[in-house]
$ cat my_file-v5.cif   # mmCIF, C-alpha atoms
data_query
loop_
_atom_site.label_atom_id
_atom_site.label_comp_id
_atom_site.auth_asym_id
_atom_site.auth_seq_id
_atom_site.Cartn_x
_atom_site.Cartn_y
_atom_site.Cartn_z
CA MET A 201 1.21 -13.03 3.06
CA SER A 202 3.68 -14.00 0.36
CA GLY A 203 1.33 -12.65 -2.28
CA HIS A 204 1.28 -9.33 -0.49
CA SER A 205 5.05 -8.96 -0.57
CA LYS A 206 5.38 -9.91 -4.23
CA TRP A 207 2.63 -7.56 -5.29
CA SER A 208 4.24 -4.81 -3.18
CA THR A 209 7.52 -5.45 -4.98
CA ILE A 210 6.09 -4.98 -8.44
CA LYS A 211 4.21 -1.86 -7.29
CA ARG A 212 7.45 -0.34 -6.02
CA LYS A 213 9.16 -1.12 -9.33
CA LYS A 214 6.40 0.52 -11.29
CA ALA A 215 6.26 3.52 -8.97
CA ALA A 216 9.96 4.11 -9.58
CA GLU A 217 9.50 4.61 -13.31
CA ASP A 218 10.07 8.21 -14.35
CA ALA A 219 7.00 8.18 -16.58
CA ARG A 220 4.82 7.66 -13.51
CA ARG A 221 6.62 9.98 -11.11
CA GLY A 222 4.06 12.77 -11.52
CA GLN A 223 1.21 10.42 -10.62
CA THR A 224 3.22 9.01 -7.72
CA PHE A 225 3.75 12.51 -6.30
CA THR A 226 0.03 13.24 -6.64
CA LYS A 227 -0.88 10.16 -4.62
CA LEU A 228 1.77 10.90 -1.99
CA ALA A 229 0.54 14.48 -1.66
CA LYS A 230 -2.97 13.22 -0.98
CA GLU A 231 -1.69 10.78 1.62
CA ILE A 232 0.21 13.59 3.35
CA ALA A 233 -2.80 15.91 3.26
CA ILE A 234 -5.11 13.30 4.80
CA ALA A 235 -2.57 12.56 7.54
CA ALA A 236 -2.03 16.26 8.25
CA ARG A 237 -5.66 16.59 9.31
CA GLU A 238 -4.55 15.15 12.65
CA GLY A 239 -1.96 17.92 13.00
CA PRO A 240 0.93 19.36 10.96
CA ASP A 241 3.69 18.35 13.41
CA THR A 242 5.51 15.19 12.32
CA ASP A 243 6.99 14.80 15.81
CA VAL A 244 3.57 14.04 17.29
CA ASN A 245 1.59 12.89 14.23
CA MET A 246 2.93 9.39 13.46
CA LYS A 247 0.70 8.96 10.41
CA LEU A 248 2.00 12.20 8.92
CA ARG A 249 5.61 11.30 9.69
CA LEU A 250 5.15 8.00 7.85
CA ALA A 251 3.61 9.74 4.82
CA VAL A 252 6.38 12.35 4.72
CA ASP A 253 9.09 9.70 5.01
CA LYS A 254 7.52 7.81 2.12
CA ALA A 255 7.45 11.00 0.03
CA LYS A 256 11.10 11.76 0.79
CA ALA A 257 12.07 8.19 -0.17
CA ALA A 258 10.40 8.83 -3.55
CA ASN A 259 12.41 12.06 -3.95
CA MET A 260 9.31 14.24 -3.77
CA PRO A 261 10.34 17.94 -3.68
CA LYS A 262 10.28 19.62 -0.27
CA ASP A 263 7.94 22.36 -1.52
CA ASN A 264 5.39 19.74 -2.62
CA ILE A 265 5.53 18.08 0.79
CA GLU A 266 5.08 21.33 2.67
CA ARG A 267 2.21 22.39 0.39
CA ALA A 268 0.44 19.07 1.01
CA ILE A 269 0.83 19.48 4.77
CA ARG A 270 -0.64 22.99 4.63
CA ARG A 271 -3.54 21.72 2.55
CA GLY A 272 -4.39 18.92 4.94
CA ALA A 273 -3.99 21.04 8.05
CA GLY A 274 -6.40 23.64 6.68
CA LEU A 275 -3.73 26.32 6.29
CA ASP A 276 -4.28 26.56 2.53
CA LYS A 277 -7.70 28.15 2.20
CA ASP A 278 -7.90 27.65 -1.57
CA ALA A 279 -7.42 23.89 -1.41
CA SER A 280 -10.29 21.57 -2.29
CA VAL A 281 -11.56 19.23 0.42
CA LEU A 282 -10.26 15.67 0.23
CA GLU A 283 -12.31 12.67 1.28
CA GLU A 284 -10.97 9.27 2.31
CA ILE A 285 -13.12 6.30 1.21
CA MET A 286 -12.67 2.51 1.11
CA TYR A 287 -14.51 0.71 -1.69
CA GLU A 288 -14.96 -3.06 -1.75
CA GLY A 289 -15.72 -5.63 -4.38
CA TYR A 290 -14.80 -8.86 -6.12
CA GLY A 291 -12.42 -9.27 -9.01
CA PRO A 292 -12.56 -12.07 -11.57
CA HIS A 293 -12.91 -15.56 -10.08
CA GLY A 294 -14.02 -14.32 -6.67
CA VAL A 295 -10.86 -12.52 -5.55
CA ALA A 296 -11.68 -10.03 -2.78
CA LEU A 297 -10.54 -6.44 -3.37
CA MET A 298 -10.40 -3.38 -1.13
CA ILE A 299 -9.72 -0.06 -2.85
CA GLU A 300 -8.41 2.82 -0.77
CA VAL A 301 -9.40 6.17 -2.28
CA VAL A 302 -8.55 9.79 -1.51
CA THR A 303 -10.52 12.18 -3.69
CA ASP A 304 -12.05 15.63 -4.00
CA ASN A 305 -14.84 14.19 -6.13
CA ARG A 306 -16.56 11.06 -4.82
CA ASN A 307 -18.81 10.68 -7.87
CA ARG A 308 -15.87 10.72 -10.27
CA ALA A 309 -13.90 8.24 -8.17
CA VAL A 310 -16.65 5.65 -7.89
CA ALA A 311 -17.58 6.00 -11.58
CA ASP A 312 -13.97 5.35 -12.63
CA ILE A 313 -13.68 2.35 -10.31
CA ARG A 314 -17.00 0.87 -11.43
CA ARG A 315 -16.02 1.27 -15.09
CA TRP A 316 -12.88 -0.85 -14.64
CA PHE A 317 -14.73 -3.47 -12.60
CA ASN A 318 -17.32 -3.80 -15.36
CA LYS A 319 -14.71 -3.83 -18.13
CA LEU A 320 -12.39 -6.42 -16.59
CA GLY A 321 -14.82 -8.87 -15.08
CA GLY A 322 -15.27 -7.72 -11.49
CA SER A 323 -18.14 -6.37 -9.44
CA LEU A 324 -18.17 -3.41 -7.08
CA GLY A 325 -19.92 -4.37 -3.85
CA GLU A 326 -21.48 -2.78 -0.79
CA SER A 327 -19.49 -1.57 2.19
CA GLY A 328 -18.49 -4.54 4.36
CA CYS A 329 -18.86 -7.19 1.66
CA VAL A 330 -15.17 -8.20 1.79
CA ALA A 331 -13.70 -6.20 4.69
CA TRP A 332 -14.17 -9.16 7.02
CA GLN A 333 -11.59 -11.06 4.97
CA PHE A 334 -8.81 -8.58 5.81
CA GLU A 335 -7.11 -7.23 8.92
CA PRO A 336 -5.07 -4.04 9.37
CA LYS A 337 -1.37 -4.61 9.97
CA GLY A 338 1.88 -2.74 10.27
CA TYR A 339 4.19 -4.08 7.56
CA PHE A 340 7.96 -3.80 7.23
CA THR A 341 10.48 -5.28 4.83
CA LEU A 342 14.25 -5.59 5.20
CA PRO A 343 16.85 -6.70 2.65
CA PRO A 344 18.24 -10.03 3.88
CA ASN A 345 21.89 -9.18 3.07
CA ASP A 346 23.96 -10.96 5.74
CA LEU A 347 21.57 -10.30 8.61
CA ASP A 348 21.39 -12.83 11.41
CA ALA A 349 17.87 -14.29 11.23
CA ASP A 350 17.69 -15.10 14.93
CA GLN A 351 18.77 -11.59 15.87
CA VAL A 352 16.25 -9.94 13.54
CA PHE A 353 13.49 -12.19 14.85
CA GLU A 354 14.37 -11.39 18.46
CA ILE A 355 14.50 -7.63 17.89
CA ALA A 356 11.19 -7.63 16.01
CA VAL A 357 9.24 -9.82 18.41
CA GLU A 358 10.56 -8.15 21.55
CA SER A 359 9.49 -4.77 20.16
CA GLY A 360 5.93 -6.02 19.59
CA ALA A 361 5.85 -7.67 16.14
CA ASP A 362 3.36 -10.51 15.56
CA ASP A 363 5.28 -12.43 12.93
CA VAL A 364 8.53 -12.46 10.96
CA THR A 365 9.03 -14.34 7.70
CA PHE A 366 12.34 -14.90 5.90
CA GLY A 367 12.56 -15.18 2.12
CA GLU A 368 15.37 -15.12 -0.40
CA ASP A 369 14.64 -11.55 -1.47
CA MET A 370 13.31 -9.94 1.70
CA ILE A 371 12.52 -10.27 5.36
CA GLU A 372 8.91 -9.39 6.23
CA ILE A 373 7.77 -8.19 9.64
CA PHE A 374 4.12 -7.89 10.65
CA ALA A 375 2.73 -6.03 13.66
CA ASP A 376 -0.50 -4.74 15.11
CA PRO A 377 -1.07 -1.15 13.88
CA THR A 378 -0.92 0.12 17.45
CA GLU A 379 2.64 -1.23 17.71
CA PHE A 380 3.77 0.18 14.37
CA GLN A 381 5.87 3.09 15.59
CA VAL A 382 7.42 1.12 18.45
CA VAL A 383 8.52 -1.65 16.09
CA ARG A 384 9.81 0.85 13.54
CA GLU A 385 11.88 2.75 16.08
CA SER A 386 13.24 -0.46 17.58
CA LEU A 387 14.40 -1.70 14.17
CA GLN A 388 16.10 1.63 13.43
CA GLN A 389 17.76 1.81 16.83
CA ASN A 390 19.24 -1.62 16.18
CA GLY A 391 20.64 -0.59 12.81
CA LEU A 392 17.86 -2.19 10.76
CA GLU A 393 16.46 0.37 8.30
CA PRO A 394 13.26 -0.96 6.66
CA GLU A 395 12.90 -0.66 2.90
CA THR A 396 9.15 -0.63 3.44
CA ALA A 397 7.32 0.67 6.50
CA GLU A 398 3.58 1.03 6.03
CA LEU A 399 0.13 0.37 7.39
CA THR A 400 -1.65 -2.12 5.18
CA MET A 401 -4.57 -4.55 4.95
CA LEU A 402 -3.59 -8.21 4.93
CA PRO A 403 -5.92 -11.01 3.81
CA LYS A 404 -6.78 -13.60 6.47
CA THR A 405 -6.82 -16.29 3.78
CA THR A 406 -5.70 -16.23 0.16
CA VAL A 407 -7.02 -17.51 -3.19
CA SER A 408 -4.82 -19.37 -5.68
CA LEU A 409 -5.61 -19.22 -9.41
CA ASP A 410 -4.06 -20.54 -12.61
CA GLN A 411 -2.03 -18.16 -14.77
CA LYS A 412 -4.83 -17.00 -17.04
CA GLN A 413 -7.20 -16.35 -14.16
CA ALA A 414 -4.51 -14.67 -12.04
CA PHE A 415 -3.53 -12.37 -14.91
CA GLN A 416 -7.15 -11.28 -15.31
CA THR A 417 -7.25 -10.28 -11.66
CA MET A 418 -3.82 -8.66 -11.71
CA ASN A 419 -4.76 -6.62 -14.78
CA LEU A 420 -7.79 -5.28 -12.91
CA ILE A 421 -5.66 -4.40 -9.87
CA SER A 422 -3.14 -2.60 -12.08
CA ALA A 423 -5.89 -0.66 -13.88
CA LEU A 424 -7.41 0.44 -10.58
CA GLU A 425 -4.03 1.52 -9.22
CA GLU A 426 -3.51 3.72 -12.28
CA LEU A 427 -6.48 5.87 -11.29
CA ASP A 428 -5.47 9.19 -9.73
CA ASP A 429 -8.00 8.86 -6.92
CA VAL A 430 -6.85 5.36 -5.89
CA GLN A 431 -4.13 5.18 -3.26
CA GLN A 432 -3.90 1.41 -2.70
CA VAL A 433 -5.59 -1.80 -3.81
CA TYR A 434 -5.55 -4.77 -1.42
CA SER A 435 -6.43 -8.29 -2.54
CA ASN A 436 -6.47 -11.85 -1.24
CA LEU A 437 -4.87 -13.24 -4.40
CA ASP A 438 -1.91 -15.52 -3.70
CA ILE A 439 0.79 -14.79 -6.29
CA SER A 440 3.56 -17.32 -6.87
CA ASP A 441 7.07 -16.32 -7.95
CA GLU A 442 6.44 -17.89 -11.36
CA LEU A 443 3.23 -15.94 -11.91
CA MET A 444 4.80 -12.67 -10.85
CA THR A 445 7.75 -13.17 -13.19
CA ALA A 446 5.43 -14.00 -16.08
CA PHE A 447 3.25 -10.97 -15.32
CA GLU A 448 6.26 -8.64 -15.27
CA GLU A 449 7.51 -10.05 -18.57
CA GLN A 450 4.27 -9.37 -20.40
CA ASP A 451 4.55 -5.61 -19.80
#
$ encode --input "my_file-v5.cif" --output "structure tokens"
Amino acid sequence: MSGHSKWSTIKRKKAAEDARRGQTFTKLAKEIAIAAREGPDTDVNMKLRLAVDKAKAANMPKDNIERAIRRGAGLDKDASVLEEIMYEGYGPHGVALMIEVVTDNRNRAVADIRRWFNKLGGSLGESGCVAWQFEPKGYFTLPPNDLDADQVFEIAVESGADDVTFGEDMIEIFADPTEFQVVRESLQQNGLEPETAELTMLPKTTVSLDQKQAFQTMNLISALEELDDVQQVYSNLDISDELMTAFEEQD
């Protein structure tokens, strides 16, 4: 789980860069459109509310958000049809990867993904080849600040969270996806505003590699995440603080 949080941290840093803001908005718009298929009302569509909140946190313009909702809800007749797909495979040294894609062109998306797998030492697999190594989870992070650990733990667990971990840089809360909204609302009602609130895929077990091997895998993950059609990449790579710092410094 620690690897998940550290990789999430570097992704948030990269997403905040102005040079990538256009691509970030494109991915957020797709996420909103997919969620809006279940209805355009954020009061009843929890998935859409989460996507819209994420877009607002990234300072995505209101017009872009509304346009994405109309597209997903079928109110924009000129919009192309988006498809949600999960690809699976192995990175270098046997690291399991799940690639979440939202695209209007399946052939383009899989060709781009396969090209990076082939170039950077991975292999794209069949559906189900690595999914068994992951489980869906609701995931929240809080800044530790001066929060009382016992109080945070009690609030989270009583609202339905499965686990709470405390680190120097963040507090992580994990919950079953069905309890996501309950946990989120409980945290907010108790004055705890999550920095991250998302549905994710967590590895059941993780793989540790040396620096050279880990960098090879992390380079593949970064390349895949740069693709416009890729929303998220999940892996079972365990990333230490030292490796993450070294990886950041090489950019």
$ closest_residue --input "my_file-v5.cif" --among "A:Lys256, A:Lys227, A:Lys337, A:Arg270" --to "Asp241 in chain A" --atoms "only C-alpha atoms"
A:Arg270
$ atom_distance --input "my_file-v5.cif" --atom1 "CA of Arg237 in chain A" --atom2 "CA of Gly272 in chain A"
5.1 Å
$ resolve_selection --input "my_file-v5.cif" --expression "the PyMOL selection byres ((chain A and resi 406) around 12)" --output "compact mmCIF listing (two decimals) with C-alpha atoms, keeping the file's coordinate frame"
# COMPACT_ATOMS: atom_id res chain seq x y z
CA MET A 201 1.21 -13.03 3.06
CA SER A 202 3.68 -14.00 0.36
CA GLY A 203 1.33 -12.65 -2.28
CA HIS A 204 1.28 -9.33 -0.49
CA GLY A 294 -14.02 -14.32 -6.67
CA VAL A 295 -10.86 -12.52 -5.55
CA ALA A 296 -11.68 -10.03 -2.78
CA LEU A 297 -10.54 -6.44 -3.37
CA GLN A 333 -11.59 -11.06 4.97
CA PHE A 334 -8.81 -8.58 5.81
CA LEU A 402 -3.59 -8.21 4.93
CA PRO A 403 -5.92 -11.01 3.81
CA LYS A 404 -6.78 -13.60 6.47
CA THR A 405 -6.82 -16.29 3.78
CA VAL A 407 -7.02 -17.51 -3.19
CA SER A 408 -4.82 -19.37 -5.68
CA LEU A 409 -5.61 -19.22 -9.41
CA TYR A 434 -5.55 -4.77 -1.42
CA SER A 435 -6.43 -8.29 -2.54
CA ASN A 436 -6.47 -11.85 -1.24
CA LEU A 437 -4.87 -13.24 -4.40
CA ASP A 438 -1.91 -15.52 -3.70
CA ILE A 439 0.79 -14.79 -6.29
CA SER A 440 3.56 -17.32 -6.87
$ axis_aligned_box --input "my_file-v5.cif" --around "range 371-385 of chain A" --padding-each-side "8 Å" --output "lines of an AutoDock Vina configuration file"
center_x = 5.7
center_y = -3.6
center_z = 11.9
size_x = 29.6
size_y = 29.4
size_z = 29.1
$ closest_residue --input "my_file-v5.cif" --among "A:Leu250, A:Ala258, A:Val382, A:Val302" --to "Ile234 in chain A" --atoms "all atoms listed in the file"
A:Val302
$ residues_around --input "my_file-v5.cif" --residues "Asp253 in chain A" --least-positions-apart "5" --cutoff "12 Å" --atoms "all atoms listed in the file" --output "JSON, numbers by chain"
{"A": [228, 229, 231, 232, 242, 246, 247, 248, 258, 259, 260, 262, 265, 394, 395, 396, 397, 398]}
$ closest_residue --input "my_file-v5.cif" --among "A:Arg308, A:Arg249, A:Lys412, A:Lys254" --to "Asp428 in chain A" --atoms "all atoms listed in the file"
A:Arg308
$ atom_distance --input "my_file-v5.cif" --atom1 "CA of Leu420 in chain A" --atom2 "CA of Tyr290 in chain A"
10.4 Å
$ atom_distance --input "my_file-v5.cif" --atom1 "CA of Asp243 in chain A" --atom2 "CA of Val357 in chain A"
24.9 Å
$ closest_residue --input "my_file-v5.cif" --among "A:Val252, A:Val301, A:Leu320, A:Ala273" --to "Ala423 in chain A" --atoms "all atoms listed in the file"
A:Leu320
$ closest_residue --input "my_file-v5.cif" --among "A:Gly291, A:Val352, A:Met286, A:Val281" --to "Lys319 in chain A" --atoms "only C-alpha atoms"
A:Gly291
$ closest_residue --input "my_file-v5.cif" --among "A:Thr365, A:Asn264, A:Ser323, A:Thr341" --to "Arg384 in chain A" --atoms "all atoms listed in the file"
A:Thr341
$ resolve_selection --input "my_file-v5.cif" --expression "the PyMOL selection byres ((chain A and resi 324) around 7)" --output "list in words"
Glu288, Gly289, Tyr290, Arg314, Phe317, Gly322, Ser323 and Gly325 of chain A
$ residues_near_point --input "my_file-v5.cif" --point "(-0.2, 1.9, 11.2)" --cutoff "6 Å" --atoms "all atoms listed in the file" --output "list in words"
Gly338, Pro377, Phe380 and Leu399 of chain A
$ resolve_selection --input "my_file-v5.cif" --expression "the PyMOL selection byres ((chain A and resi 373) around 6)" --output "NGL selection string"
:A and (339-340 or 363-364 or 372 or 374)
$ residues_near_point --input "my_file-v5.cif" --point "(-0.6, -16.3, -16.2)" --cutoff "8 Å" --atoms "only C-alpha atoms" --output "list in words"
Asp410, Gln411, Lys412, Gln413, Ala414, Phe415, Leu443, Ala446 and Phe447 of chain A
$ residues_around --input "my_file-v5.cif" --residues "Leu347 in chain A" --least-positions-apart "2" --cutoff "12 Å" --atoms "all atoms listed in the file" --output "PyMOL selection string"
chain A and resi 342-345+349-353+355+366+368+370-371+390-393
$ write_last_selection --input "my_file-v5.cif" --atoms "C-alpha atoms" --output "PDB file, in the coordinates of the input"
ATOM      1  CA  LEU A 342      14.250  -5.590   5.200  1.00  0.00           C
ATOM      2  CA  PRO A 343      16.850  -6.700   2.650  1.00  0.00           C
ATOM      3  CA  PRO A 344      18.240 -10.030   3.880  1.00  0.00           C
ATOM      4  CA  ASN A 345      21.890  -9.180   3.070  1.00  0.00           C
ATOM      5  CA  ALA A 349      17.870 -14.290  11.230  1.00  0.00           C
ATOM      6  CA  ASP A 350      17.690 -15.100  14.930  1.00  0.00           C
ATOM      7  CA  GLN A 351      18.770 -11.590  15.870  1.00  0.00           C
ATOM      8  CA  VAL A 352      16.250  -9.940  13.540  1.00  0.00           C
ATOM      9  CA  PHE A 353      13.490 -12.190  14.850  1.00  0.00           C
ATOM     10  CA  ILE A 355      14.500  -7.630  17.890  1.00  0.00           C
ATOM     11  CA  PHE A 366      12.340 -14.900   5.900  1.00  0.00           C
ATOM     12  CA  GLU A 368      15.370 -15.120  -0.400  1.00  0.00           C
ATOM     13  CA  MET A 370      13.310  -9.940   1.700  1.00  0.00           C
ATOM     14  CA  ILE A 371      12.520 -10.270   5.360  1.00  0.00           C
ATOM     15  CA  ASN A 390      19.240  -1.620  16.180  1.00  0.00           C
ATOM     16  CA  GLY A 391      20.640  -0.590  12.810  1.00  0.00           C
ATOM     17  CA  LEU A 392      17.860  -2.190  10.760  1.00  0.00           C
ATOM     18  CA  GLU A 393      16.460   0.370   8.300  1.00  0.00           C
TER      19      GLU A 393
END
